[in-house]
file target_27.pdb (PDB, C-alpha atoms and all ligand atoms)
MODEL        1
ATOM      1  CA  MET A   1       0.000   0.000   0.000  1.00  0.00           C
ATOM      2  CA  THR A   2       2.013   2.969  -1.235  1.00  0.00           C
ATOM      3  CA  ASP A   3      -0.891   5.273  -0.497  1.00  0.00           C
ATOM      4  CA  SER A   4       0.152   5.461   3.139  1.00  0.00           C
ATOM      5  CA  LEU A   5       3.609   6.603   2.072  1.00  0.00           C
ATOM      6  CA  LEU A   6       2.317   9.384  -0.095  1.00  0.00           C
ATOM      7  CA  ARG A   7       2.203  12.712   1.666  1.00  0.00           C
ATOM      8  CA  VAL A   8       1.061  16.123   0.607  1.00  0.00           C
ATOM      9  CA  CYS A   9       2.783  19.427   1.271  1.00  0.00           C
ATOM     10  CA  ARG A  10       0.939  21.671   3.681  1.00  0.00           C
ATOM     11  CA  GLY A  11       2.360  24.701   1.974  1.00  0.00           C
ATOM     12  CA  CYS A  12       1.937  24.235  -1.770  1.00  0.00           C
ATOM     13  CA  GLY A  13      -0.025  21.004  -1.954  1.00  0.00           C
ATOM     14  CA  ARG A  14       2.716  19.129  -3.777  1.00  0.00           C
ATOM     15  CA  TYR A  15       2.753  15.389  -3.294  1.00  0.00           C
ATOM     16  CA  THR A  16       5.926  13.932  -1.878  1.00  0.00           C
ATOM     17  CA  LEU A  17       7.226  10.825  -0.170  1.00  0.00           C
ATOM     18  CA  GLY A  18       9.347  12.763   2.299  1.00  0.00           C
ATOM     19  CA  ALA A  19       8.477  14.401   5.577  1.00  0.00           C
ATOM     20  CA  ALA A  20       9.222  17.778   4.026  1.00  0.00           C
ATOM     21  CA  CYS A  21       8.253  19.224   0.662  1.00  0.00           C
ATOM     22  CA  PRO A  22      11.177  19.138  -1.822  1.00  0.00           C
ATOM     23  CA  GLY A  23       9.754  22.208  -3.490  1.00  0.00           C
ATOM     24  CA  CYS A  24       9.122  24.730  -0.729  1.00  0.00           C
ATOM     25  CA  GLY A  25      10.454  22.886   2.314  1.00  0.00           C
ATOM     26  CA  ALA A  26       7.184  22.998   4.188  1.00  0.00           C
ATOM     27  CA  PRO A  27       6.284  19.980   6.305  1.00  0.00           C
ATOM     28  CA  SER A  28       4.141  17.387   4.600  1.00  0.00           C
ATOM     29  CA  SER A  29       1.358  15.358   6.058  1.00  0.00           C
ATOM     30  CA  SER A  30      -0.973  12.591   5.085  1.00  0.00           C
ATOM     31  CA  PRO A  31      -3.454  13.610   2.377  1.00  0.00           C
ATOM     32  CA  HIS A  32      -6.057  11.775   4.389  1.00  0.00           C
ATOM     33  CA  PRO A  33      -5.807  13.170   7.909  1.00  0.00           C
ATOM     34  CA  ALA A  34      -7.373  11.291  10.750  1.00  0.00           C
ATOM     35  CA  ARG A  35     -10.981  12.276  10.797  1.00  0.00           C
ATOM     36  CA  PHE A  36     -13.054  12.797  13.861  1.00  0.00           C
ATOM     37  CA  SER A  37     -14.224   9.452  15.076  1.00  0.00           C
ATOM     38  CA  PRO A  38     -17.936   9.142  14.309  1.00  0.00           C
ATOM     39  CA  GLU A  39     -18.371   6.842  17.257  1.00  0.00           C
ATOM     40  CA  ASP A  40     -16.921   9.438  19.554  1.00  0.00           C
ATOM     41  CA  ARG A  41     -19.088  12.054  17.922  1.00  0.00           C
ATOM     42  CA  TYR A  42     -22.271  10.156  18.567  1.00  0.00           C
ATOM     43  CA  GLY A  43     -21.036   8.929  21.905  1.00  0.00           C
ATOM     44  CA  LYS A  44     -22.739  11.725  23.751  1.00  0.00           C
ATOM     45  CA  TYR A  45     -26.002  10.979  21.959  1.00  0.00           C
ATOM     46  CA  ARG A  46     -25.772   7.342  22.869  1.00  0.00           C
ATOM     47  CA  ARG A  47     -25.031   8.302  26.422  1.00  0.00           C
ATOM     48  CA  ALA A  48     -27.968  10.685  26.448  1.00  0.00           C
ATOM     49  CA  LEU A  49     -30.241   7.966  25.111  1.00  0.00           C
ATOM     50  CA  ARG A  50     -28.976   5.539  27.722  1.00  0.00           C
ATOM     51  CA  ASP A  51     -29.500   8.089  30.458  1.00  0.00           C
ATOM     52  CA  ALA A  52     -33.004   8.855  29.239  1.00  0.00           C
ATOM     53  CA  GLY A  53     -33.827   5.191  28.760  1.00  0.00           C
ATOM     54  CA  SER A  54     -32.475   3.959  32.058  1.00  0.00           C
ATOM     55  CA  GLY A  55     -34.968   3.369  34.728  1.00  0.00           C
TER      56      GLY A  55
HETATM   57 ZN    ZN B   1       5.560  22.596  -0.848  1.00  0.00          ZN
ENDMDL
END

call {"tool": "encode", "arguments": {"input": "target_27.pdb", "output": "structure tokens"}}
result
Amino acid sequence: MTDSLLRVCRGCGRYTLGAACPGCGAPSSSPHPARFSPEDRYGKYRRALRDAGSG
């Protein structure tokens, strides 16, 4: 899976395999950043439902 090795420059958007952009020197990061966990997002709703349903 070479997709995990591919990074994108935070400065100019250039794709690179290094930790820094060879073009502008800005730090690169994964093009697919870790998204907010949906389970954690709905966790409070589940907890609210449990609290309302308990009893
Ligand atoms: Zn760059």

call {"tool": "resolve_selection", "arguments": {"input": "target_27.pdb", "expression": "the PyMOL selection byres (((chain A and resi 5-12) around 7) and not hetatm)", "output": "list in words"}}
result
Thr2, Asp3, Ser4, Gly13, Arg14, Tyr15, Thr16, Leu17, Cys21, Ala26, Pro27, Ser28, Ser29, Ser30 and Pro31 of chain A

call {"tool": "write_last_selection", "arguments": {"input": "target_27.pdb", "atoms": "C-alpha atoms", "output": "short mmCIF file (atom, residue, chain, number, x, y, z; two decimals), in the coordinates of the input"}}
result
data_model
loop_
_atom_site.label_atom_id
_atom_site.label_comp_id
_atom_site.auth_asym_id
_atom_site.auth_seq_id
_atom_site.Cartn_x
_atom_site.Cartn_y
_atom_site.Cartn_z
CA THR A 2 2.01 2.97 -1.24
CA ASP A 3 -0.89 5.27 -0.50
CA SER A 4 0.15 5.46 3.14
CA GLY A 13 -0.02 21.00 -1.95
CA ARG A 14 2.72 19.13 -3.78
CA TYR A 15 2.75 15.39 -3.29
CA THR A 16 5.93 13.93 -1.88
CA LEU A 17 7.23 10.82 -0.17
CA CYS A 21 8.25 19.22 0.66
CA ALA A 26 7.18 23.00 4.19
CA PRO A 27 6.28 19.98 6.30
CA SER A 28 4.14 17.39 4.60
CA SER A 29 1.36 15.36 6.06
CA SER A 30 -0.97 12.59 5.08
CA PRO A 31 -3.45 13.61 2.38
#

call {"tool": "closest_residue", "arguments": {"input": "target_27.pdb", "among": "A:Arg46, A:Gly25, A:Gly18, A:Asp51", "to": "ligand ZN 1 (chain B)", "atoms": "only C-alpha atoms and all ligand atoms"}}
result
A:Gly25

call {"tool": "closest_residue", "arguments": {"input": "target_27.pdb", "among": "A:Ala19, A:Lys44, A:His32, A:Leu49", "to": "ligand ZN 1 (chain B)", "atoms": "only C-alpha atoms and all ligand atoms"}}
result
A:Ala19
